[in-house]
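coords17.txt (compact mmCIF, C-alpha atoms and all ligand atoms)
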# COMPACT_ATOMS: atom_id res chain seq x y z
CA MET A 1 -13.49 -6.00 33.00
CA LYS A 2 -11.46 -5.71 29.86
CA THR A 3 -11.40 -2.25 28.29
CA GLY A 4 -10.68 0.90 30.27
CA VAL A 5 -11.65 4.35 29.01
CA PHE A 6 -9.74 7.07 30.88
CA PHE A 7 -11.35 10.48 30.79
CA HIS A 8 -11.84 13.56 32.97
CA THR A 9 -14.58 16.19 32.62
CA GLU A 10 -11.81 18.83 32.62
CA PHE A 11 -11.03 17.65 29.07
CA SER A 12 -14.51 18.60 27.84
CA LEU A 13 -14.55 22.05 29.42
CA LYS A 14 -11.66 23.86 27.75
CA ASP A 15 -10.32 24.93 24.40
CA TRP A 16 -6.95 23.13 24.47
CA PRO A 17 -3.77 24.14 22.63
CA ILE A 18 -3.81 22.87 19.01
CA ILE A 19 -6.67 20.33 19.44
CA GLY A 20 -9.25 22.92 20.53
CA ASN A 21 -12.50 21.77 22.13
CA LYS A 22 -12.88 18.50 20.24
CA PHE A 23 -13.83 16.67 23.46
CA ARG A 24 -16.68 19.10 24.25
CA ASN A 25 -19.35 16.42 23.90
CA PHE A 26 -17.39 13.65 25.60
CA PRO A 27 -17.95 11.34 27.38
CA GLY A 28 -21.63 11.73 26.38
CA VAL A 29 -21.05 10.74 22.74
CA MET A 30 -19.64 7.41 23.98
CA LYS A 31 -22.69 6.67 26.14
CA ASN A 32 -23.79 3.59 24.20
CA VAL A 33 -20.39 1.94 24.00
CA LEU A 34 -19.55 2.69 27.63
CA SER A 35 -22.39 0.39 28.62
CA LEU A 36 -20.99 -2.52 26.61
CA GLU A 37 -19.96 -5.59 28.55
CA GLY A 38 -16.35 -5.37 29.75
CA VAL A 39 -16.03 -1.60 29.27
CA SER A 40 -15.35 0.66 32.26
CA LEU A 41 -15.02 4.42 32.40
CA PHE A 42 -12.31 5.69 34.76
CA GLU A 43 -11.85 9.26 35.90
CA SER A 44 -8.23 10.09 35.15
CA LYS A 45 -6.19 11.10 38.19
CA PRO A 46 -3.26 13.53 38.01
CA ALA A 47 0.28 12.19 37.67
CA THR A 48 2.48 13.11 40.62
CA GLU A 49 5.42 15.49 40.23
CA GLU A 50 7.67 12.66 41.35
CA MET A 51 6.59 10.58 38.33
CA LEU A 52 6.86 13.51 35.93
CA LEU A 53 10.42 14.12 37.15
CA LYS A 54 11.37 10.57 36.08
CA VAL A 55 11.21 11.94 32.56
CA HIS A 56 11.28 15.74 32.64
CA THR A 57 13.84 18.17 34.01
CA LYS A 58 12.99 20.33 37.03
CA ALA A 59 13.27 23.46 34.90
CA HIS A 60 10.82 22.12 32.31
CA LEU A 61 8.31 21.04 34.94
CA LYS A 62 8.55 24.43 36.65
CA GLU A 63 7.70 26.16 33.38
CA VAL A 64 4.78 23.87 32.48
CA LYS A 65 3.36 24.18 36.02
CA GLN A 66 2.76 27.86 35.40
CA ALA A 67 0.61 27.26 32.33
CA TRP A 68 -3.21 27.09 32.45
CA TYR A 69 -3.20 23.68 30.76
CA TYR A 70 -0.97 22.03 33.41
CA LYS A 71 -3.84 20.36 35.26
CA GLY A 72 -5.23 18.87 32.04
CA ALA A 73 -1.78 17.62 31.07
CA THR A 74 -1.20 15.92 34.44
CA LEU A 75 -4.61 14.22 34.20
CA ALA A 76 -3.74 12.90 30.73
CA VAL A 77 -0.41 11.49 31.95
CA GLY A 78 -2.03 10.07 35.10
CA GLY A 79 -4.71 8.34 33.01
CA CYS A 80 -2.07 6.73 30.84
CA MET A 81 -0.07 5.58 33.87
CA GLU A 82 -3.12 4.06 35.55
CA ALA A 83 -4.21 2.33 32.34
CA SER A 84 -0.75 0.78 31.93
CA GLY A 85 -0.58 -0.28 35.58
CA ARG A 86 -4.02 -1.91 35.49
CA ILE A 87 -3.05 -3.77 32.33
CA ALA A 88 0.18 -4.96 33.98
CA LYS A 89 -1.87 -6.17 36.97
CA GLY A 90 -4.19 -8.04 34.62
CA GLU A 91 -7.23 -5.97 35.57
CA LEU A 92 -7.58 -4.58 32.05
CA VAL A 93 -6.52 -5.88 28.65
CA ASN A 94 -6.63 -2.65 26.68
CA ALA A 95 -7.47 1.01 27.10
CA LEU A 96 -8.40 4.24 25.38
CA VAL A 97 -6.73 7.14 27.20
CA PHE A 98 -7.90 10.68 26.48
CA SER A 99 -5.13 13.22 26.41
CA VAL A 100 -4.96 17.01 26.32
CA ALA A 101 -1.76 19.10 26.49
CA ALA A 102 0.36 15.95 26.86
CA GLY A 103 1.90 13.56 24.36
CA HIS A 104 4.53 12.99 21.72
CA HIS A 105 6.07 16.46 21.34
CA ALA A 106 7.19 16.62 25.00
CA GLU A 107 10.91 15.99 25.38
CA PRO A 108 12.66 15.84 28.79
CA SER A 109 13.49 19.56 28.79
CA TYR A 110 11.55 21.03 25.88
CA ALA A 111 8.07 20.76 24.40
CA TRP A 112 5.94 22.22 21.63
CA GLY A 113 2.92 21.53 19.46
CA GLY A 114 0.21 21.36 22.10
CA THR A 115 1.79 18.57 24.19
CA TYR A 116 3.86 19.65 27.19
CA LEU A 117 4.27 16.49 29.28
CA SER A 118 5.17 12.99 28.14
CA CYS A 119 2.47 10.30 28.50
CA THR A 120 4.46 7.20 27.58
CA GLY A 121 7.61 8.21 29.54
CA PRO A 122 6.08 8.16 33.05
CA SER A 123 3.85 5.18 32.10
CA VAL A 124 6.81 3.04 31.07
CA ALA A 125 8.72 4.16 34.21
CA HIS A 126 5.70 3.21 36.36
CA VAL A 127 5.29 -0.29 34.91
CA ARG A 128 9.04 -0.93 35.06
CA GLU A 129 9.22 0.09 38.73
CA GLU A 130 6.07 -1.61 39.94
CA PHE A 131 6.14 -4.77 37.88
CA GLY A 132 9.71 -5.17 36.60
CA ILE A 133 8.44 -5.36 33.03
CA THR A 134 10.83 -3.68 30.62
CA ARG A 135 9.93 -4.02 26.93
CA PHE A 136 7.37 -1.81 25.23
CA ALA A 137 6.48 -0.74 21.71
CA ILE A 138 5.17 2.67 20.74
CA LEU A 139 3.40 3.19 17.45
CA ASP A 140 2.95 6.82 16.40
CA THR A 141 0.44 7.56 13.64
CA ASP A 142 -0.08 11.23 14.40
CA SER A 143 0.76 13.30 11.31
CA HIS A 144 3.86 14.84 12.90
CA HIS A 145 7.17 13.43 14.05
CA GLY A 146 7.07 12.28 17.68
CA ASN A 147 10.19 14.18 18.70
CA GLY A 148 9.32 14.01 22.40
CA THR A 149 8.75 10.26 22.56
CA ARG A 150 11.93 9.79 20.53
CA ALA A 151 13.98 12.03 22.84
CA VAL A 152 12.66 10.36 26.02
CA PHE A 153 13.58 6.86 24.77
CA ARG A 154 16.49 7.67 22.43
CA ASP A 155 19.04 5.50 24.24
CA ASP A 156 16.57 2.91 25.47
CA GLN A 157 16.79 -0.19 23.31
CA GLU A 158 13.95 -1.88 25.16
CA ILE A 159 11.57 0.59 23.56
CA LEU A 160 10.56 0.09 19.94
CA HIS A 161 9.33 3.41 18.55
CA VAL A 162 7.88 3.35 15.05
CA CYS A 163 6.81 6.80 13.96
CA PHE A 164 4.93 7.67 10.75
CA CYS A 165 6.02 11.12 9.68
CA ASP A 166 8.09 12.56 6.84
CA ASP A 167 11.38 10.69 6.62
CA ASP A 168 12.53 7.12 6.25
CA ARG A 169 15.11 6.58 8.99
CA ILE A 170 16.34 3.71 11.17
CA GLU A 171 18.30 4.39 14.37
CA GLY A 172 19.07 2.74 17.71
CA ASN A 173 19.97 -0.70 16.31
CA GLY A 174 16.59 -0.90 14.61
CA THR A 175 14.54 0.18 17.65
CA LYS A 176 13.86 3.76 16.50
CA ILE A 177 12.16 3.96 13.13
CA ASP A 178 10.70 6.80 11.12
CA VAL A 179 8.55 6.07 8.10
CA ASN A 180 7.66 8.56 5.39
CA ALA A 181 3.86 8.36 5.41
CA GLY A 182 3.48 10.56 2.31
CA TRP A 183 1.23 13.61 2.12
CA ARG A 184 -1.14 12.38 -0.59
CA THR A 185 -1.80 8.86 0.57
CA ASN A 186 -5.02 6.95 1.08
CA ASP A 187 -6.47 4.66 3.75
CA GLU A 188 -5.29 1.41 2.20
CA GLU A 189 -1.78 2.63 1.34
CA TYR A 190 -1.27 3.95 4.88
CA LEU A 191 -2.55 0.71 6.45
CA ASP A 192 -0.20 -1.26 4.23
CA LYS A 193 2.71 0.80 5.50
CA VAL A 194 1.67 0.14 9.12
CA ARG A 195 1.53 -3.60 8.41
CA LYS A 196 4.91 -3.58 6.69
CA GLU A 197 6.83 -1.19 8.93
CA PHE A 198 5.25 -1.79 12.35
CA PHE A 199 3.66 -5.24 12.46
CA THR A 200 6.71 -7.06 11.12
CA ARG A 201 9.03 -5.30 13.59
CA VAL A 202 6.79 -5.55 16.65
CA ARG A 203 6.34 -9.30 16.12
CA ASP A 204 10.09 -9.77 16.42
CA PHE A 205 10.44 -7.26 19.25
CA LYS A 206 7.85 -8.92 21.54
CA PRO A 207 6.82 -6.00 23.77
CA PHE A 208 4.65 -6.38 26.87
CA ILE A 209 2.30 -3.56 25.83
CA ILE A 210 1.77 -1.70 22.55
CA PHE A 211 1.21 2.02 23.15
CA HIS A 212 -0.32 3.96 20.28
CA ASN A 213 0.05 7.73 19.90
CA PHE A 214 -3.21 7.98 18.00
CA GLY A 215 -3.51 11.28 16.18
CA HIS A 216 -6.30 11.94 13.70
CA ASP A 217 -4.80 15.17 12.37
CA THR A 218 -3.96 13.06 9.28
CA CYS A 219 -7.68 13.17 8.33
CA GLU A 220 -8.87 15.12 5.26
CA GLY A 221 -9.45 18.76 6.20
CA ASP A 222 -7.50 18.65 9.47
CA TYR A 223 -4.23 20.51 10.10
CA GLY A 224 -2.03 17.49 9.33
CA ASP A 225 -4.14 16.28 6.38
CA ARG A 226 -2.52 13.32 4.62
CA GLY A 227 -5.64 12.40 2.67
CA LEU A 228 -7.14 9.82 5.06
CA THR A 229 -10.88 9.42 5.60
CA GLN A 230 -12.75 9.08 8.91
CA SER A 231 -13.19 5.37 8.21
CA PHE A 232 -9.44 4.85 8.36
CA PHE A 233 -9.10 5.36 12.12
CA PRO A 234 -11.36 2.58 13.44
CA LEU A 235 -9.79 0.25 10.83
CA LEU A 236 -6.32 1.14 12.08
CA ALA A 237 -7.32 0.47 15.71
CA GLU A 238 -8.87 -2.84 14.67
CA GLU A 239 -5.70 -3.98 12.89
CA VAL A 240 -3.37 -2.94 15.71
CA LYS A 241 -5.66 -4.66 18.22
CA LYS A 242 -5.43 -7.88 16.18
CA CYS A 243 -1.65 -7.52 16.13
CA ALA A 244 -1.61 -7.01 19.94
CA ASP A 245 -3.89 -10.06 20.34
CA GLU A 246 -1.36 -12.08 18.41
CA ILE A 247 1.87 -10.90 20.03
CA CYS A 248 1.18 -9.57 23.55
CA GLU A 249 -2.11 -11.08 24.74
CA GLY A 250 -4.01 -8.03 23.51
CA ARG A 251 -2.25 -5.50 25.74
CA TYR A 252 -2.84 -2.24 23.86
CA VAL A 253 -3.11 1.38 25.04
CA ILE A 254 -4.43 4.02 22.65
CA ILE A 255 -3.55 7.60 23.64
CA THR A 256 -5.42 10.35 21.81
CA HIS A 257 -3.10 12.80 20.07
CA GLY A 258 -3.47 15.50 17.38
CA GLY A 259 -6.46 16.53 15.31
CA TYR A 260 -8.92 19.33 15.98
CA LEU A 261 -11.96 18.22 13.97
CA ARG A 262 -14.65 17.53 16.54
CA GLU A 263 -16.82 15.55 14.13
CA VAL A 264 -13.92 13.20 13.44
CA ALA A 265 -13.22 12.68 17.16
CA GLU A 266 -16.94 12.05 17.79
CA HIS A 267 -17.08 9.58 14.89
CA ILE A 268 -13.98 7.54 15.66
CA PHE A 269 -13.58 7.23 19.43
CA PRO A 270 -16.94 5.56 20.20
CA ARG A 271 -16.20 3.08 17.38
CA ILE A 272 -12.72 2.47 18.77
CA VAL A 273 -14.14 1.66 22.23
CA GLU A 274 -16.48 -0.84 20.59
CA ILE A 275 -13.54 -2.42 18.74
CA LEU A 276 -11.39 -2.64 21.89
CA ALA A 277 -14.24 -4.30 23.78
CA ARG A 278 -14.68 -7.08 21.22
CA PRO A 279 -13.66 -10.53 22.44
ZN ZN B 1 0.21 16.04 14.92
ZN ZN B 2 8.94 10.39 13.12
Let me see whether you can do it: turn the structure in this file into structure tokens.
Amino acid sequence: MKTGVFFHTEFSLKDWPIIGNKFRNFPGVMKNVLSLEGVSLFESKPATEEMLLKVHTKAHLKEVKQAWYYKGATLAVGGCMEASGRIAKGELVNALVFSVAAGHHAEPSYAWGGTYLSCTGPSVAHVREEFGITRFAILDTDSHHGNGTRAVFRDDQEILHVCFCDDDRIEGNGTKIDVNAGWRTNDEEYLDKVRKEFFTRVRDFKPFIIFHNFGHDTCEGDYGDRGLTQSFFPLLAEEVKKCADEICEGRYVIITHGGYLREVAEHIFPRIVEILARP
């Protein structure tokens, strides 16, 4: 077993905040790649309140618990935690984690933009507690600034967070980076920026796992359109996988983020599973 795909049928049944019903035809559209050698489909289990409280305040959790999307959000976080734990145990090398209502806009006590619980926060806490492993990198190529991920790890210098958004900024002794991705870019220019701004830094940083907040709202016609084509996303996953192969024995967790175009999601995620499963 090598590649884990973490999904729950709940994700396909609802029209989620911001991303809509883009997972309506999942996991069916991945049928062919799920049968590839080394690929396993896991049903995401909910994160416990205890784990969520490692990152979020009681008041924030109380508020999110009242929302209809709470169950979906806890399943997304739980999937990410399990993927990370299985990678730390050596049972998996990499994973694609489906996420709804959870992700990079969730700060400890505030959230917006369709993501209300942190995925990487509880996952990092879980691997640190269970395995004593401390260093992680988080790449964020969603169109928008990952304010939540940044807030959760702001003072944590064992987390490298490189976020492609609208400003060029370096904080936290070089561990918290924002890169201006540009609004009218193209596939090759964006990939070049990832190589230059992420690959060079992550090689020096030497994390145990690379997490990837993988939005596709940057695609032409989507709500965070930066001029990228559908072909960009599998290429990006392929390059980051190669980087992970080189620096951290392939340990790589992709977490789905923004983007509401169903045809883009259905095009890219089966291809990404195939890429992750390659030897
Ligand atoms: Zn976004
Ligand atoms: Zn940013």
(request) For ligand ZN 2 (chain B), list the contacting residues at 12 Å or closer, counting only C-alpha atoms and all ligand atoms, as a PyMOL selection string. (result) chain A and resi 104-105+138-151+161-171+176-181+213
Show me, as a PDB file with C-alpha atoms, in the frame of the given file, the residues that have an atom within 8 Å of region 258-261 of chain A when counting all atoms listed in the file, minus same-chain residues fewer than 6 positions from it.
ATOM      1  CA  ILE A  18      -3.810  22.870  19.010  1.00  0.00           C
ATOM      2  CA  ILE A  19      -6.670  20.330  19.440  1.00  0.00           C
ATOM      3  CA  GLY A  20      -9.250  22.920  20.530  1.00  0.00           C
ATOM      4  CA  ASN A  21     -12.500  21.770  22.130  1.00  0.00           C
ATOM      5  CA  LYS A  22     -12.880  18.500  20.240  1.00  0.00           C
ATOM      6  CA  ASP A 142      -0.080  11.230  14.400  1.00  0.00           C
ATOM      7  CA  SER A 143       0.760  13.300  11.310  1.00  0.00           C
ATOM      8  CA  PHE A 214      -3.210   7.980  18.000  1.00  0.00           C
ATOM      9  CA  GLY A 215      -3.510  11.280  16.180  1.00  0.00           C
ATOM     10  CA  HIS A 216      -6.300  11.940  13.700  1.00  0.00           C
ATOM     11  CA  ASP A 217      -4.800  15.170  12.370  1.00  0.00           C
ATOM     12  CA  THR A 218      -3.960  13.060   9.280  1.00  0.00           C
ATOM     13  CA  CYS A 219      -7.680  13.170   8.330  1.00  0.00           C
ATOM     14  CA  ASP A 222      -7.500  18.650   9.470  1.00  0.00           C
ATOM     15  CA  TYR A 223      -4.230  20.510  10.100  1.00  0.00           C
ATOM     16  CA  GLY A 224      -2.030  17.490   9.330  1.00  0.00           C
TER      17      GLY A 224
END
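Among the candidate residues A:Gly78, A:Pro207, A:Gly85, A:Gly132, the one lying nearest to Ser44 (chain A) is A:Gly78, with distances computed using only C-alpha atoms.
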(message) So that I can see what lies close to His60 (chain A), please list as a PyMOL selection string the residues with an atom at most 10 Å from it, counting all atoms listed in the file and leaving out residues fewer than 4 positions away in the same chain.
(response) chain A and resi 53+56+64-65+106-111+116-117
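For the pair CA of Lys54 (chain A) and CA of Ala125 (chain A), the separation is 7.2 Å.
Residue neighbourhood of Tyr70 (chain A), excluding near-sequence residues (fewer than 2 positions): A:Pro46, A:Leu61, A:Glu63, A:Val64, A:Lys65, A:Gln66, A:Ala67, A:Trp68, A:Gly72, A:Ala73, A:Thr74, A:Leu75, A:Ala76, A:Val100, A:Ala101, A:Ala102, A:Tyr116, A:Leu117, at 10 Å, using only C-alpha atoms.
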(message) Please list, as a count of residues only, the residues that have an atom at most 10 Å away from (-14.4, -2.7, 26.2) in the coordinates of this file, counting only C-alpha atoms.
(response) 27
(request) Check the smallest atom-to-atom distance from each of A:Ile268, A:Gly103, A:Leu235, A:Phe199 to ligand ZN 1 (chain B) using only C-alpha atoms and all ligand atoms, then report the winner. (result)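 So, comparing all the options, the nearest one is A:Gly103.
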(message) Using all atoms listed in the file, can you tell me which of A:Thr115, A:Phe208, A:Glu246, A:Arg154 comes closest to ligand ZN 1 (chain B)?
(response) A:Thr115
(request) Kindly extract all protein, DNA and RNA residues lying within 12 Å of the coordinates (7.3, 3.2, 36.4) given in the file, considering all atoms listed in the file, and supply them as a PyMOL selection string. (result) chain A and resi 47-48+50-55+78+80-82+84-85+88+119-134
(request) To one decimal in Å, tell me the separation between CA of Gln157 (chain A) and CA of Phe6 (chain A). (result)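 A separation of 28.5 Å between them.
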(request) Write out as a PyMOL selection string each polymer residue whose atoms come within 12 Å of Val29 (chain A), counting all atoms listed in the file; drop sequence neighbours fewer than 6 positions from it. (result) chain A and resi 12+22-23+35+262-271+273
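Rounded to one decimal, CA of Ile254 (chain A) and CA of Phe98 (chain A) lie 8.4 Å from each other.
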For region 76-89 of chain A, supply N, CA and C atoms and report the output as a PDB file, in the coordinates of the input.
ATOM      1  N   ALA A  76      -3.976  13.775  31.891  1.00  0.00           N
ATOM      2  CA  ALA A  76      -3.740  12.900  30.730  1.00  0.00           C
ATOM      3  C   ALA A  76      -2.628  11.889  31.056  1.00  0.00           C
ATOM      4  N   VAL A  77      -1.538  12.378  31.621  1.00  0.00           N
ATOM      5  CA  VAL A  77      -0.410  11.490  31.950  1.00  0.00           C
ATOM      6  C   VAL A  77      -0.850  10.466  33.017  1.00  0.00           C
ATOM      7  N   GLY A  78      -1.560  10.954  34.029  1.00  0.00           N
ATOM      8  CA  GLY A  78      -2.030  10.070  35.100  1.00  0.00           C
ATOM      9  C   GLY A  78      -2.950   8.972  34.568  1.00  0.00           C
ATOM     10  N   GLY A  79      -3.809   9.335  33.624  1.00  0.00           N
ATOM     11  CA  GLY A  79      -4.710   8.340  33.010  1.00  0.00           C
ATOM     12  C   GLY A  79      -3.915   7.263  32.304  1.00  0.00           C
ATOM     13  N   CYS A  80      -2.894   7.684  31.584  1.00  0.00           N
ATOM     14  CA  CYS A  80      -2.070   6.730  30.840  1.00  0.00           C
ATOM     15  C   CYS A  80      -1.300   5.806  31.787  1.00  0.00           C
ATOM     16  N   MET A  81      -0.795   6.392  32.888  1.00  0.00           N
ATOM     17  CA  MET A  81      -0.070   5.580  33.870  1.00  0.00           C
ATOM     18  C   MET A  81      -0.987   4.545  34.514  1.00  0.00           C
ATOM     19  N   GLU A  82      -2.185   4.989  34.893  1.00  0.00           N
ATOM     20  CA  GLU A  82      -3.120   4.060  35.550  1.00  0.00           C
ATOM     21  C   GLU A  82      -3.552   2.954  34.587  1.00  0.00           C
ATOM     22  N   ALA A  83      -3.818   3.335  33.338  1.00  0.00           N
ATOM     23  CA  ALA A  83      -4.210   2.330  32.340  1.00  0.00           C
ATOM     24  C   ALA A  83      -3.117   1.271  32.210  1.00  0.00           C
ATOM     25  N   SER A  84      -1.872   1.720  32.102  1.00  0.00           N
ATOM     26  CA  SER A  84      -0.750   0.780  31.930  1.00  0.00           C
ATOM     27  C   SER A  84      -0.593  -0.114  33.158  1.00  0.00           C
ATOM     28  N   GLY A  85      -0.710   0.493  34.341  1.00  0.00           N
ATOM     29  CA  GLY A  85      -0.580  -0.280  35.580  1.00  0.00           C
ATOM     30  C   GLY A  85      -1.683  -1.322  35.717  1.00  0.00           C
ATOM     31  N   ARG A  86      -2.909  -0.938  35.385  1.00  0.00           N
ATOM     32  CA  ARG A  86      -4.020  -1.910  35.490  1.00  0.00           C
ATOM     33  C   ARG A  86      -3.866  -3.036  34.475  1.00  0.00           C
ATOM     34  N   ILE A  87      -3.308  -2.713  33.326  1.00  0.00           N
ATOM     35  CA  ILE A  87      -3.050  -3.770  32.330  1.00  0.00           C
ATOM     36  C   ILE A  87      -1.956  -4.700  32.856  1.00  0.00           C
ATOM     37  N   ALA A  88      -0.903  -4.129  33.438  1.00  0.00           N
ATOM     38  CA  ALA A  88       0.180  -4.960  33.980  1.00  0.00           C
ATOM     39  C   ALA A  88      -0.324  -5.872  35.099  1.00  0.00           C
ATOM     40  N   LYS A  89      -1.284  -5.364  35.884  1.00  0.00           N
ATOM     41  CA  LYS A  89      -1.870  -6.170  36.970  1.00  0.00           C
ATOM     42  C   LYS A  89      -2.828  -7.235  36.450  1.00  0.00           C
TER      43      LYS A  89
END
